[in-house]
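Peer 1: Have a peek at work.txt (compact mmCIF, C-alpha atoms).
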```txt
# COMPACT_ATOMS: atom_id res chain seq x y z
CA MET L 1 28.65 6.92 22.91
CA SER L 2 27.24 8.28 19.69
CA ALA L 3 23.82 7.29 18.43
CA MET L 4 25.29 5.13 15.68
CA GLY L 5 27.68 3.49 18.12
CA ALA L 6 24.74 2.64 20.34
CA LEU L 7 22.87 1.12 17.40
CA PHE L 8 25.93 -0.94 16.42
CA VAL L 9 26.41 -2.27 19.96
CA ARG L 10 22.68 -2.98 20.33
CA ASP L 11 22.57 -5.00 17.10
CA LEU L 12 25.67 -6.97 18.09
CA LYS L 13 24.22 -7.70 21.53
CA LEU L 14 20.94 -8.83 20.03
CA SER L 15 22.60 -11.14 17.52
CA ILE L 16 24.76 -12.69 20.26
CA ARG L 17 21.93 -13.09 22.79
CA ILE L 18 19.25 -14.30 20.42
CA GLY L 19 21.83 -16.60 18.86
CA GLY L 20 21.36 -18.26 15.54
CA GLY L 21 23.42 -15.65 13.71
CA ALA L 22 27.09 -16.51 13.84
CA LEU L 23 26.95 -20.16 14.84
CA MET L 24 24.12 -21.14 12.52
CA GLY L 25 25.83 -19.42 9.60
CA VAL L 26 29.11 -21.22 10.21
CA LEU L 27 27.37 -24.58 10.71
CA PHE L 28 25.44 -24.13 7.48
CA PHE L 29 28.70 -23.22 5.72
CA LEU L 30 30.29 -26.37 7.14
CA ILE L 31 27.42 -28.56 5.96
CA VAL L 32 27.45 -27.13 2.43
CA VAL L 33 31.20 -27.56 2.12
CA THR L 34 31.24 -31.10 3.50
CA ILE L 35 28.36 -32.24 1.34
CA PHE L 36 30.14 -31.40 -1.93
CA PRO L 37 32.80 -34.15 -1.74
CA PHE L 38 29.99 -36.67 -1.27
CA ALA L 39 28.41 -35.45 -4.49
CA VAL L 40 31.52 -35.10 -6.70
CA GLY L 41 33.41 -38.08 -5.31
CA PRO L 42 36.80 -38.44 -3.62
CA ASP L 43 38.84 -36.98 -6.48
CA LEU L 44 41.34 -34.77 -4.65
CA ASN L 45 42.54 -32.97 -7.77
CA LEU L 46 39.00 -32.13 -8.81
CA LEU L 47 38.18 -30.93 -5.29
CA ALA L 48 41.27 -28.72 -5.21
CA ARG L 49 40.25 -27.21 -8.55
CA ILE L 50 36.63 -26.46 -7.63
CA GLY L 51 37.35 -25.84 -3.92
CA PRO L 52 37.33 -22.03 -4.09
CA ALA L 53 34.03 -22.08 -6.00
CA ILE L 54 32.46 -24.38 -3.40
CA LEU L 55 33.67 -22.15 -0.56
CA TRP L 56 32.25 -19.08 -2.27
CA ILE L 57 28.86 -20.72 -2.92
CA GLY L 58 28.76 -21.90 0.69
CA ALA L 59 29.59 -18.45 2.05
CA LEU L 60 27.02 -16.84 -0.26
CA LEU L 61 24.22 -19.15 0.88
CA ALA L 62 25.21 -18.83 4.53
CA THR L 63 25.14 -15.05 4.24
CA LEU L 64 21.64 -15.12 2.75
CA LEU L 65 20.40 -17.33 5.57
CA SER L 66 20.27 -14.67 8.25
CA LEU L 67 19.63 -11.61 6.10
CA ASP L 68 15.83 -11.74 6.09
CA ARG L 69 15.72 -10.72 9.76
CA LEU L 70 17.99 -7.71 9.24
CA PHE L 71 15.12 -5.20 9.22
CA GLN L 72 12.12 -7.45 9.77
CA ALA L 73 12.69 -7.94 13.49
CA ASP L 74 12.76 -4.16 13.94
CA GLN L 75 9.75 -3.67 11.69
CA GLU L 76 7.57 -6.15 13.58
CA ASP L 77 8.05 -4.67 17.05
CA GLY L 78 7.81 -1.03 15.97
CA THR L 79 11.51 -0.26 16.44
CA LEU L 80 11.90 0.65 12.77
CA ASP L 81 9.33 3.46 13.12
CA LEU L 82 11.27 4.90 16.01
CA LEU L 83 14.60 4.53 14.22
CA LEU L 84 13.10 6.57 11.36
CA LEU L 85 12.34 9.38 13.82
CA GLY L 86 16.00 9.70 14.75
CA GLU L 87 18.00 12.76 13.82
CA HIS L 88 20.31 10.71 11.63
CA PRO L 89 19.88 9.84 7.95
CA LEU L 90 18.33 6.43 7.39
CA GLU L 91 21.17 5.56 4.99
CA LEU L 92 23.61 5.77 7.92
CA VAL L 93 21.31 3.63 10.08
CA VAL L 94 21.23 0.99 7.33
CA LEU L 95 25.02 1.10 6.96
CA VAL L 96 25.56 0.65 10.70
CA LYS L 97 23.09 -2.23 10.84
CA CYS L 98 24.88 -3.86 7.90
CA ALA L 99 28.22 -3.45 9.67
CA ALA L 100 26.87 -5.15 12.80
CA GLN L 101 25.28 -7.84 10.63
CA TRP L 102 28.58 -8.51 8.87
CA ILE L 103 30.56 -8.66 12.12
CA SER L 104 28.11 -11.16 13.57
CA THR L 105 27.50 -13.34 10.50
CA GLY L 106 29.99 -12.54 7.72
CA MET L 107 33.21 -12.41 9.68
CA PRO L 108 32.74 -15.84 11.32
CA LEU L 109 32.49 -17.31 7.81
CA VAL L 110 35.80 -15.70 6.84
CA VAL L 111 37.40 -17.02 10.03
CA ALA L 112 36.11 -20.53 9.34
CA THR L 113 37.26 -20.52 5.73
CA PRO L 114 40.90 -21.67 6.24
CA LEU L 115 39.72 -24.72 8.18
CA LEU L 116 37.01 -25.62 5.68
CA SER L 117 39.50 -25.15 2.81
CA LEU L 118 41.46 -28.09 4.21
CA PHE L 119 38.41 -30.31 3.71
CA LEU L 120 38.58 -29.54 0.01
CA ASN L 121 42.32 -30.08 -0.47
CA VAL L 122 42.92 -26.44 -1.42
CA GLU L 123 46.64 -25.66 -1.38
CA PRO L 124 48.02 -23.09 1.12
CA VAL L 125 48.28 -20.20 -1.36
CA GLY L 126 44.73 -20.93 -2.44
CA ILE L 127 43.53 -20.94 1.18
CA ALA L 128 45.03 -17.49 1.68
CA ALA L 129 43.49 -16.26 -1.57
CA VAL L 130 39.99 -17.59 -0.82
CA THR L 131 40.09 -16.12 2.68
CA ALA L 132 41.22 -12.75 1.34
CA THR L 133 38.54 -12.67 -1.36
CA LEU L 134 35.84 -13.65 1.13
CA LEU L 135 37.06 -10.97 3.53
CA VAL L 136 36.63 -8.37 0.80
CA GLY L 137 33.58 -9.93 -0.86
CA THR L 138 31.24 -10.85 2.01
CA PRO L 139 30.61 -7.20 2.98
CA ALA L 140 29.35 -6.69 -0.58
CA LEU L 141 27.02 -9.69 -0.16
CA THR L 142 25.65 -8.25 3.09
CA LEU L 143 25.12 -4.82 1.48
CA ILE L 144 23.32 -6.24 -1.55
CA GLY L 145 21.31 -8.43 0.78
CA ALA L 146 20.28 -5.38 2.80
CA VAL L 147 18.48 -4.04 -0.29
CA GLY L 148 16.56 -7.29 -0.60
CA ALA L 149 15.87 -7.38 3.12
CA ALA L 150 14.48 -3.84 2.94
CA LEU L 151 12.29 -4.67 -0.06
CA THR L 152 10.82 -7.74 1.64
CA VAL L 153 10.60 -6.22 5.12
CA ILE L 154 6.81 -6.35 5.38
CA LEU L 155 6.41 -9.81 3.84
CA ARG L 156 5.78 -12.68 6.23
CA ARG L 157 7.79 -15.21 4.26
CA GLY L 158 10.19 -12.85 2.59
CA GLY L 159 13.24 -15.10 2.93
CA LEU L 160 12.71 -16.99 -0.31
CA LEU L 161 11.81 -13.88 -2.28
CA LEU L 162 14.88 -12.20 -0.81
CA SER L 163 17.10 -14.99 -2.17
CA ILE L 164 15.49 -14.82 -5.60
CA LEU L 165 15.91 -11.06 -5.74
CA ILE L 166 19.44 -11.00 -4.44
CA LEU L 167 21.21 -14.00 -5.97
CA PRO L 168 21.36 -12.57 -9.52
CA LEU L 169 22.91 -9.39 -8.15
CA THR L 170 25.64 -11.35 -6.40
CA ILE L 171 26.88 -12.96 -9.63
CA PRO L 172 29.57 -10.32 -10.39
CA VAL L 173 30.93 -10.63 -6.85
CA LEU L 174 30.95 -14.41 -7.20
CA ILE L 175 32.70 -14.34 -10.59
CA PHE L 176 35.52 -12.07 -9.51
CA GLY L 177 35.86 -13.65 -6.06
CA VAL L 178 36.27 -17.14 -7.50
CA SER L 179 38.48 -16.07 -10.41
CA ALA L 180 40.84 -14.22 -8.07
CA SER L 181 41.03 -17.29 -5.83
CA LEU L 182 41.75 -19.53 -8.83
CA GLY L 183 44.24 -17.01 -10.19
CA ALA L 184 46.34 -17.47 -7.08
CA VAL L 185 46.80 -21.19 -7.70
CA THR L 186 46.70 -21.59 -11.51
CA ASP L 187 49.65 -20.12 -13.26
CA PRO L 188 48.75 -17.90 -16.22
CA ALA L 189 45.63 -16.42 -14.60
CA PRO L 190 46.31 -13.35 -12.45
CA PHE L 191 45.19 -12.90 -8.85
CA ASP L 192 45.40 -9.15 -8.49
CA THR L 193 43.27 -7.95 -11.43
CA PRO L 194 40.05 -9.78 -10.42
CA PHE L 195 40.83 -9.06 -6.77
CA TYR L 196 40.96 -5.32 -7.43
CA ILE L 197 37.72 -5.52 -9.38
CA LEU L 198 36.19 -7.38 -6.41
CA CYS L 199 37.37 -4.57 -4.10
CA GLY L 200 35.82 -2.07 -6.51
CA LEU L 201 32.52 -3.97 -6.50
CA SER L 202 32.48 -3.97 -2.69
CA LEU L 203 33.05 -0.23 -2.62
CA LEU L 204 30.31 0.26 -5.23
CA TYR L 205 27.82 -1.73 -3.18
CA LEU L 206 28.94 0.17 -0.08
CA VAL L 207 27.50 3.27 -1.75
CA ILE L 208 24.49 1.79 -3.55
CA GLY L 209 23.36 -0.63 -0.84
CA PRO L 210 22.51 1.79 2.00
CA VAL L 211 20.88 4.32 -0.35
CA ALA L 212 18.71 1.71 -2.08
CA ALA L 213 17.82 -0.07 1.17
CA ALA L 214 16.87 3.20 2.86
CA ALA L 215 14.63 4.13 -0.07
CA ALA L 216 12.96 0.72 0.10
CA LEU L 217 12.43 1.02 3.86
CA ARG L 218 10.87 4.46 3.50
CA SER L 219 8.41 3.26 0.89
CA SER L 220 7.55 0.21 2.99
CA GLN L 221 6.23 2.50 5.73
CA GLU L 222 3.44 3.85 3.51
CA MET H 1 16.98 20.38 29.24
CA THR H 2 16.26 23.15 26.81
CA LEU H 3 13.01 24.78 27.72
CA GLN H 4 11.70 27.52 25.53
CA GLU H 5 8.35 27.90 27.11
CA ASP H 6 5.49 29.39 25.17
CA THR H 7 7.57 29.81 22.05
CA LYS H 8 6.69 26.58 20.29
CA LEU H 9 3.81 26.36 17.88
CA LEU H 10 2.84 23.38 15.78
CA SER H 11 1.06 24.62 12.68
CA VAL H 12 -0.67 22.05 10.53
CA HIS H 13 -2.26 23.33 7.37
CA ASN H 14 -4.59 21.36 5.07
CA LEU H 15 -2.82 18.08 5.84
CA GLY H 16 -3.91 15.08 3.82
CA CYS H 17 -2.62 11.62 3.17
CA ILE H 18 -3.57 8.80 0.84
CA ARG H 19 -3.21 5.13 1.72
CA GLY H 20 -4.04 2.35 -0.67
CA GLY H 21 -5.30 4.84 -3.24
CA ARG H 22 -7.93 6.23 -0.86
CA PRO H 23 -7.71 9.49 1.05
CA VAL H 24 -7.56 8.62 4.73
CA ILE H 25 -7.27 12.08 6.15
CA GLU H 26 -8.06 15.29 4.34
CA ASN H 27 -7.82 18.98 5.05
CA ILE H 28 -6.67 18.76 8.62
CA SER H 29 -5.66 22.18 9.92
CA PHE H 30 -4.87 23.28 13.44
CA ASP H 31 -2.47 25.37 15.47
CA LEU H 32 -1.19 23.83 18.67
CA PRO H 33 0.80 26.13 20.95
CA GLY H 34 3.38 24.90 23.45
CA GLY H 35 1.89 23.76 26.73
CA LYS H 36 -1.33 22.56 25.12
CA ALA H 37 -2.64 19.12 24.29
CA LEU H 38 -4.77 18.09 21.33
CA VAL H 39 -7.10 15.14 21.77
CA VAL H 40 -8.07 13.40 18.54
CA THR H 41 -11.26 11.38 18.75
CA GLY H 42 -13.45 9.55 16.29
CA PRO H 43 -14.72 6.09 15.40
CA ASN H 44 -12.41 3.19 14.52
CA GLY H 45 -10.77 3.39 11.11
CA ILE H 46 -11.42 7.10 10.69
CA GLY H 47 -7.71 7.87 10.43
CA LYS H 48 -6.60 8.84 13.93
CA SER H 49 -3.51 6.64 13.76
CA SER H 50 -2.84 7.73 10.19
CA LEU H 51 -2.96 11.35 11.31
CA LEU H 52 -0.40 10.69 14.03
CA ARG H 53 1.83 8.70 11.68
CA THR H 54 1.62 11.46 9.07
CA LEU H 55 2.59 14.04 11.67
CA ALA H 56 5.54 11.85 12.64
CA GLY H 57 6.55 11.65 8.98
CA LEU H 58 6.13 7.87 8.90
CA ILE H 59 3.47 8.24 6.23
CA LYS H 60 4.12 10.72 3.45
CA ALA H 61 1.77 13.69 3.49
CA HIS H 62 0.26 14.06 0.02
CA ALA H 63 -1.05 17.53 0.69
CA GLY H 64 -0.61 20.37 3.12
CA SER H 65 2.21 21.37 5.39
CA MET H 66 3.27 21.15 9.00
CA THR H 67 5.88 23.12 10.88
CA LEU H 68 7.03 23.23 14.46
CA GLU H 69 8.00 26.82 15.16
CA GLY H 70 10.30 27.75 17.98
CA ALA H 71 12.29 24.54 17.76
CA GLU H 72 15.35 23.49 15.83
CA ASP H 73 14.93 24.60 12.24
CA ASP H 74 16.79 21.87 10.42
CA LEU H 75 14.80 19.06 11.96
CA SER H 76 11.47 17.78 10.70
CA VAL H 77 8.41 17.61 12.95
CA GLY H 78 8.92 13.86 13.30
CA GLN H 79 12.52 14.29 14.38
CA GLN H 80 11.31 16.37 17.32
CA ALA H 81 8.54 13.99 18.27
CA HIS H 82 8.23 10.96 20.48
CA TYR H 83 5.89 8.45 18.84
CA PHE H 84 4.10 6.15 21.28
CA GLY H 85 2.11 3.78 19.13
CA HIS H 86 0.58 0.33 19.38
CA ALA H 87 3.92 -1.44 19.05
CA ASP H 88 6.12 -1.29 22.12
CA ALA H 89 9.48 -1.33 20.30
CA ILE H 90 11.00 -3.36 23.11
CA LYS H 91 13.71 -5.94 22.50
CA PRO H 92 13.00 -8.96 24.72
CA ALA H 93 16.66 -10.03 24.70
CA LEU H 94 17.82 -6.75 26.26
CA SER H 95 17.26 -5.71 29.86
CA CYS H 96 14.91 -2.81 30.60
CA ARG H 97 17.91 -0.60 31.33
CA GLU H 98 19.57 -1.52 28.02
CA ASN H 99 16.37 -0.85 26.11
CA LEU H 100 16.01 2.61 27.61
CA LYS H 101 19.73 3.40 27.44
CA PHE H 102 19.73 2.63 23.72
CA TRP H 103 16.87 5.03 22.96
CA GLN H 104 18.40 7.69 25.14
CA THR H 105 21.71 7.52 23.27
CA TYR H 106 19.99 7.20 19.88
CA TYR H 107 17.67 10.18 20.37
CA GLY H 108 20.09 12.32 22.40
CA HIS H 109 18.92 15.21 24.60
CA PRO H 110 19.03 13.07 27.77
CA THR H 111 16.82 14.21 30.63
CA ARG H 112 16.26 11.44 33.15
CA SER H 113 18.42 8.38 33.64
CA PRO H 114 16.77 5.06 32.72
CA TYR H 115 16.43 4.31 36.44
CA GLN H 116 14.67 7.61 37.16
CA ALA H 117 12.37 7.09 34.18
CA MET H 118 11.45 3.65 35.47
CA ILE H 119 10.68 5.11 38.89
CA GLU H 120 8.31 7.53 37.14
CA VAL H 121 6.39 4.66 35.56
CA GLY H 122 6.65 2.55 38.72
CA ILE H 123 8.62 -0.48 37.53
CA GLU H 124 12.11 0.42 38.79
CA ASP H 125 12.57 -2.95 40.50
CA LEU H 126 12.53 -4.65 37.09
CA ILE H 127 15.34 -2.58 35.62
CA ASP H 128 17.91 -5.33 35.14
CA LEU H 129 15.42 -7.97 34.12
CA PRO H 130 15.37 -9.00 30.44
CA ALA H 131 12.32 -7.34 28.90
CA ALA H 132 11.10 -10.79 27.77
CA TYR H 133 9.79 -11.40 31.30
CA LEU H 134 7.57 -8.32 31.42
CA SER H 135 3.78 -8.53 31.29
CA ALA H 136 1.85 -6.62 28.63
CA GLY H 137 1.16 -3.73 31.00
CA GLN H 138 4.77 -3.61 32.16
CA ARG H 139 5.98 -3.58 28.56
CA ARG H 140 3.65 -0.68 27.92
CA ARG H 141 5.05 1.20 30.89
CA LEU H 142 8.63 0.48 29.81
CA SER H 143 7.72 1.83 26.39
CA LEU H 144 6.27 4.92 28.08
CA ALA H 145 9.53 5.38 30.01
CA ARG H 146 11.25 5.83 26.63
CA LEU H 147 9.49 9.20 26.32
CA LEU H 148 11.05 10.29 29.59
CA VAL H 149 14.73 9.54 28.97
CA SER H 150 15.16 11.95 26.04
CA TYR H 151 13.61 15.37 25.62
CA ARG H 152 11.51 15.90 22.55
CA PRO H 153 8.96 18.71 22.54
CA LEU H 154 6.13 16.89 20.78
CA TRP H 155 4.53 13.68 22.07
CA LEU H 156 2.39 11.72 19.62
CA LEU H 157 0.38 9.22 21.65
CA ASP H 158 -1.74 6.59 19.92
CA GLU H 159 -4.18 5.02 22.40
CA PRO H 160 -1.75 5.63 25.26
CA THR H 161 -3.94 4.03 27.92
CA SER H 162 -4.35 0.63 26.26
CA ALA H 163 -3.15 -2.23 28.54
CA LEU H 164 -2.55 0.21 31.41
CA ASP H 165 -4.23 -0.24 34.80
CA LYS H 166 -5.87 2.60 36.73
CA ALA H 167 -2.72 3.45 38.69
CA SER H 168 -0.61 3.60 35.53
CA GLU H 169 -3.25 5.70 33.79
CA HIS H 170 -2.96 8.16 36.64
CA LYS H 171 0.85 8.18 36.31
CA LEU H 172 0.45 8.84 32.60
CA GLU H 173 -1.83 11.79 33.38
CA VAL H 174 0.78 13.21 35.76
CA LEU H 175 3.58 12.74 33.23
CA MET H 176 1.53 14.39 30.48
CA ALA H 177 0.72 17.32 32.76
CA GLU H 178 4.43 17.73 33.59
CA HIS H 179 5.35 17.65 29.91
CA LEU H 180 2.79 20.37 29.17
CA ILE H 181 4.00 22.53 32.05
CA GLU H 182 7.51 22.31 30.60
CA GLY H 183 6.10 23.83 27.41
CA GLY H 184 5.76 20.58 25.49
CA LEU H 185 3.00 19.61 23.09
CA ILE H 186 0.89 16.47 23.14
CA ILE H 187 -1.31 15.03 20.43
CA ALA H 188 -3.22 11.99 21.62
CA ALA H 189 -5.58 9.75 19.70
CA THR H 190 -7.85 8.12 22.21
CA HIS H 191 -11.24 6.78 23.19
CA ALA H 192 -10.62 7.12 26.90
CA PRO H 193 -10.72 10.35 28.90
CA LEU H 194 -7.09 11.26 29.52
CA GLY H 195 -7.50 13.66 32.40
CA LEU H 196 -5.88 16.48 30.46
CA VAL H 197 -6.71 19.96 31.62
CA ASP H 198 -8.59 21.92 28.98
CA PRO H 199 -7.23 20.17 25.86
CA LEU H 200 -8.04 21.23 22.32
CA ARG H 201 -10.24 18.68 20.61
CA LEU H 202 -10.29 17.38 17.07
CA HIS H 203 -13.13 15.03 16.22
CA LEU H 204 -12.76 13.06 13.00
CA ASP H 205 -16.00 11.90 11.43
CA ARG H 206 -16.75 10.25 8.13
CA ASN H 207 -19.63 12.55 7.20
CA LEU H 208 -17.41 15.53 7.73
CA ALA H 209 -14.27 14.00 6.31
CA SER H 210 -13.69 16.93 3.99
CA GLU H 211 -14.47 19.47 6.70
CA PRO H 212 -13.38 18.04 10.01
CA ALA H 213 -15.23 19.47 12.97
CA LEU H 214 -12.89 21.72 14.83
CA ASP H 215 -13.65 23.34 18.12
CA ASP H 216 -13.68 27.09 18.05
CA ALA H 217 -10.72 26.99 20.39
CA LEU H 218 -8.58 25.58 17.59
CA SER H 219 -8.91 28.45 15.22
CA GLU H 220 -8.35 31.23 17.67
CA PRO H 221 -4.89 31.77 19.12
CA THR H 222 -4.84 30.44 22.64
CA ALA H 223 -3.47 32.55 25.40
CA HIS H 224 -1.18 30.61 27.64
```
Give the structure from the file, written as structure tokens.
Peer 2:
Amino acid sequence: MSAMGALFVRDLKLSIRIGGGALMGVLFFLIVVTIFPFAVGPDLNLLARIGPAILWIGALLATLLSLDRLFQADQEDGTLDLLLLGEHPLELVVLVKCAAQWISTGMPLVVATPLLSLFLNVEPVGIAAVTATLLVGTPALTLIGAVGAALTVILRRGGLLLSILILPLTIPVLIFGVSASLGAVTDPAPFDTPFYILCGLSLLYLVIGPVAAAAALRSSQE
Amino acid sequence: MTLQEDTKLLSVHNLGCIRGGRPVIENISFDLPGGKALVVTGPNGIGKSSLLRTLAGLIKAHAGSMTLEGAEDDLSVGQQAHYFGHADAIKPALSCRENLKFWQTYYGHPTRSPYQAMIEVGIEDLIDLPAAYLSAGQRRRLSLARLLVSYRPLWLLDEPTSALDKASEHKLEVLMAEHLIEGGLIIAATHAPLGLVDPLRLHLDRNLASEPALDDALSEPTAH
């Protein structure tokens, strides 16, 4: 197995054994989604209209929940120092850690989305659209979050600061994710244009995220 | 195992680093040939750990240069070094074998299997136990076993004997001696005598911060 493969498997194993990652994220997602109908009332048409937005907000918050430990756990026990001494670029290490993070926390949210969409009376086409946009969009959220996690790696209570730093940066992803989902169910609005832009944003963050996070991690070692 | 005995030479020239706006180490220069150890001593807070972390590349050097001759050219000094610091870098949720296996695959250049490495440090019966159940001394020994599963020519040891009992200290001495015989280099920051045979010594002292006291042995090329 290659070094990066070993890192990927290690991170997956840790997130499964320590727990809290996948299940907590999905449970939080469930709570956020179920709490909305209590707040807006039992208006099925209204719920169907704002359903995609609720699902996106829920997925966004659930993603943020586990991000603060992305590098902090490794920083606290000295693993990060040793990872820096590897023969591989830190950018690649960050990317692999993000991939493992997304598999263990982002993908379960995508899988849970069709079920939770039913709670919000989203129609079948809309369910497919929201699931597709979350599949494309949540990696971007993880990658942006990695930058925040790297910036707050040495802070004891970095979770809140992480959210404040990261949430503004997620707005473009949110806008195009929700508008693509709505485009699939409302007639004149298109699905594909915002969806392609969302794909573009994900690819952009795929490049920027690891580079920025690696730079932040390096400076945190000083 | 690639052994290029007697060909390695770590040259450090006028190394300095600044932390928190204050120079922590200044004008450190030495030549360390393969097969030799350098013992760094000095009072607490004088910059022994900072020196090791700078050599590893974990802290940016603000002045000076360091090169490891006779090794792979495209790798930095840190990428050819094992860093054994205060933190154990052990994941409690993984078994001892998984911890070691990960570092072996990550660093490459495998030498011993995780089981053999754990025999060397004397905790082989714990190999499939989750590392969460280890005592402080056992964690330290597991962390030491990490140096044995992958070959890297330079060992940077920061207080290597802390939390180790007498028997483990002796094992550490044997392992260090073996590493030196194979042509490796060791730089250890310590307060305790390490049982190294004829090491070079670097004493850091505040009064002499700009001109660190170097033994004569450091400046002259050492025959090996």
Peer 1: Rounded to one decimal place, report the CA of Ala131 (chain H)-CA of Ala81 (chain H) distance in Å.
Peer 2: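 Interatomic distance here is 24.1 Å.
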Peer 1: Chain H residues within 6 Å of chain L, counting only C-alpha atoms: which ones, as a PDB file with C-alpha atoms, in the frame of the given file?
Peer 2:
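Output file part.pdb follows:
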```
ATOM      1  CA  ILE H  59       3.470   8.240   6.230  1.00  0.00           C
ATOM      2  CA  GLY H  78       8.920  13.860  13.300  1.00  0.00           C
ATOM      3  CA  GLN H  79      12.520  14.290  14.380  1.00  0.00           C
ATOM      4  CA  ALA H  87       3.920  -1.440  19.050  1.00  0.00           C
ATOM      5  CA  ALA H  89       9.480  -1.330  20.300  1.00  0.00           C
ATOM      6  CA  THR H 105      21.710   7.520  23.270  1.00  0.00           C
ATOM      7  CA  TYR H 106      19.990   7.200  19.880  1.00  0.00           C
ATOM      8  CA  TYR H 107      17.670  10.180  20.370  1.00  0.00           C
TER       9      TYR H 107
END
```
Peer 1: Using Å and a single decimal, report how far CA of Phe84 (chain H) sits from CA of Thr41 (chain H).
Peer 2: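 Computing the Euclidean distance for CA of Thr41 (chain H) and CA of Phe84 (chain H) yields 16.4 Å.
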Peer 1: Nearest residue to Ala59 (chain L) out of L:Leu174, L:Leu162, L:Ile103, L:Val93, using only C-alpha atoms?
Peer 2: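 With only C-alpha atoms as the atom set, the closest residue is L:Leu174.
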Peer 1: Could you tell me how far CA of Tyr151 (chain H) sits from CA of Tyr115 (chain H), in Å to one decimal place?
Peer 2: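 The value is 15.7 Å.
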Peer 1: Write out as a VMD selection string which residues come within 9 Å of region 115-126 of chain L when counting only C-alpha atoms, dropping same-chain ones fewer than 4 positions away.
Peer 2: chain L and resid 29 to 30 33 to 34 36 to 37 44 to 45 47 to 52 54 to 55 111 130 to 131 181 to 185
Peer 1: Take the residues from that selection and write them out as a compact mmCIF listing (two decimals), keeping the file's coordinate frame, keeping C-alpha atoms.
Peer 2:
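Contents of part27.txt, as written:
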```txt
# COMPACT_ATOMS: atom_id res chain seq x y z
CA PHE L 29 28.70 -23.22 5.72
CA LEU L 30 30.29 -26.37 7.14
CA VAL L 33 31.20 -27.56 2.12
CA THR L 34 31.24 -31.10 3.50
CA PHE L 36 30.14 -31.40 -1.93
CA PRO L 37 32.80 -34.15 -1.74
CA LEU L 44 41.34 -34.77 -4.65
CA ASN L 45 42.54 -32.97 -7.77
CA LEU L 47 38.18 -30.93 -5.29
CA ALA L 48 41.27 -28.72 -5.21
CA ARG L 49 40.25 -27.21 -8.55
CA ILE L 50 36.63 -26.46 -7.63
CA GLY L 51 37.35 -25.84 -3.92
CA PRO L 52 37.33 -22.03 -4.09
CA ILE L 54 32.46 -24.38 -3.40
CA LEU L 55 33.67 -22.15 -0.56
CA VAL L 111 37.40 -17.02 10.03
CA VAL L 130 39.99 -17.59 -0.82
CA THR L 131 40.09 -16.12 2.68
CA SER L 181 41.03 -17.29 -5.83
CA LEU L 182 41.75 -19.53 -8.83
CA GLY L 183 44.24 -17.01 -10.19
CA ALA L 184 46.34 -17.47 -7.08
CA VAL L 185 46.80 -21.19 -7.70
```
Peer 1: Using all atoms listed in the file for the distances, tell me which of H:Leu129, H:Leu15, H:Ile28, H:Leu156 is nearest to Leu202 (chain H).
Peer 2: H:Ile28
Peer 1: Work out where the centre of an axis-aligned box around every listed atom of region 109-117 of chain H lies and how long its edges are once 5 Å is added on each side; give both in Å to one decimal as JSON.
Peer 2:
```
{"center_x": 15.7, "center_y": 9.8, "center_z": 30.9, "size_x": 16.7, "size_y": 20.9, "size_z": 22.6}
```
Peer 1: So which residues touch His170 (chain H) within 10 Å, counting all atoms listed in the file, skipping near sequence neighbours fewer than 4 positions away, as an mmCIF file with C-alpha atoms, in the coordinates of the input?
Peer 2:
```
data_model
loop_
_atom_site.group_PDB
_atom_site.id
_atom_site.type_symbol
_atom_site.label_atom_id
_atom_site.label_comp_id
_atom_site.auth_asym_id
_atom_site.auth_seq_id
_atom_site.Cartn_x
_atom_site.Cartn_y
_atom_site.Cartn_z
ATOM 1 C CA THR H 161 -3.940 4.030 27.920
ATOM 2 C CA LEU H 164 -2.550 0.210 31.410
ATOM 3 C CA ASP H 165 -4.230 -0.240 34.800
ATOM 4 C CA LYS H 166 -5.870 2.600 36.730
ATOM 5 C CA VAL H 174 0.780 13.210 35.760
ATOM 6 C CA LEU H 175 3.580 12.740 33.230
ATOM 7 C CA MET H 176 1.530 14.390 30.480
ATOM 8 C CA LEU H 194 -7.090 11.260 29.520
ATOM 9 C CA GLY H 195 -7.500 13.660 32.400
#
```
Peer 1: Can you work out which one of H:Tyr83, H:Arg146, H:Lys91, H:Ala63 has the shortest atom-to-atom distance to Gln104 (chain H), counting all atoms listed in the file?
Peer 2: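 Using all atoms listed in the file, Gln104 (chain H) sits closest to H:Arg146.
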Peer 1: Choose the residue, out of L:Ile144, L:Leu134, L:Leu165, L:Val40, that has the smallest atom-to-atom separation from Phe195 (chain L); count only C-alpha atoms.
Peer 2: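 Result for the nearest residue to Phe195 (chain L): L:Leu134.
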Peer 1: Go through H:Leu157, H:Leu204, H:Ala192, H:Leu58 and flag the residue nearest Ala37 (chain H), using only C-alpha atoms for the distances.
Peer 2: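 With only C-alpha atoms as the atom set, the closest residue is H:Leu157.
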Peer 1: Around (27.4, -10.2, -0.8), as given in the file, which residues come within 10 Å? Count only C-alpha atoms and list them as number ranges by chain.
Peer 2: L: 59-61, 63-64, 102, 106, 134, 136-146, 166-167, 169-174, 201-202, 205
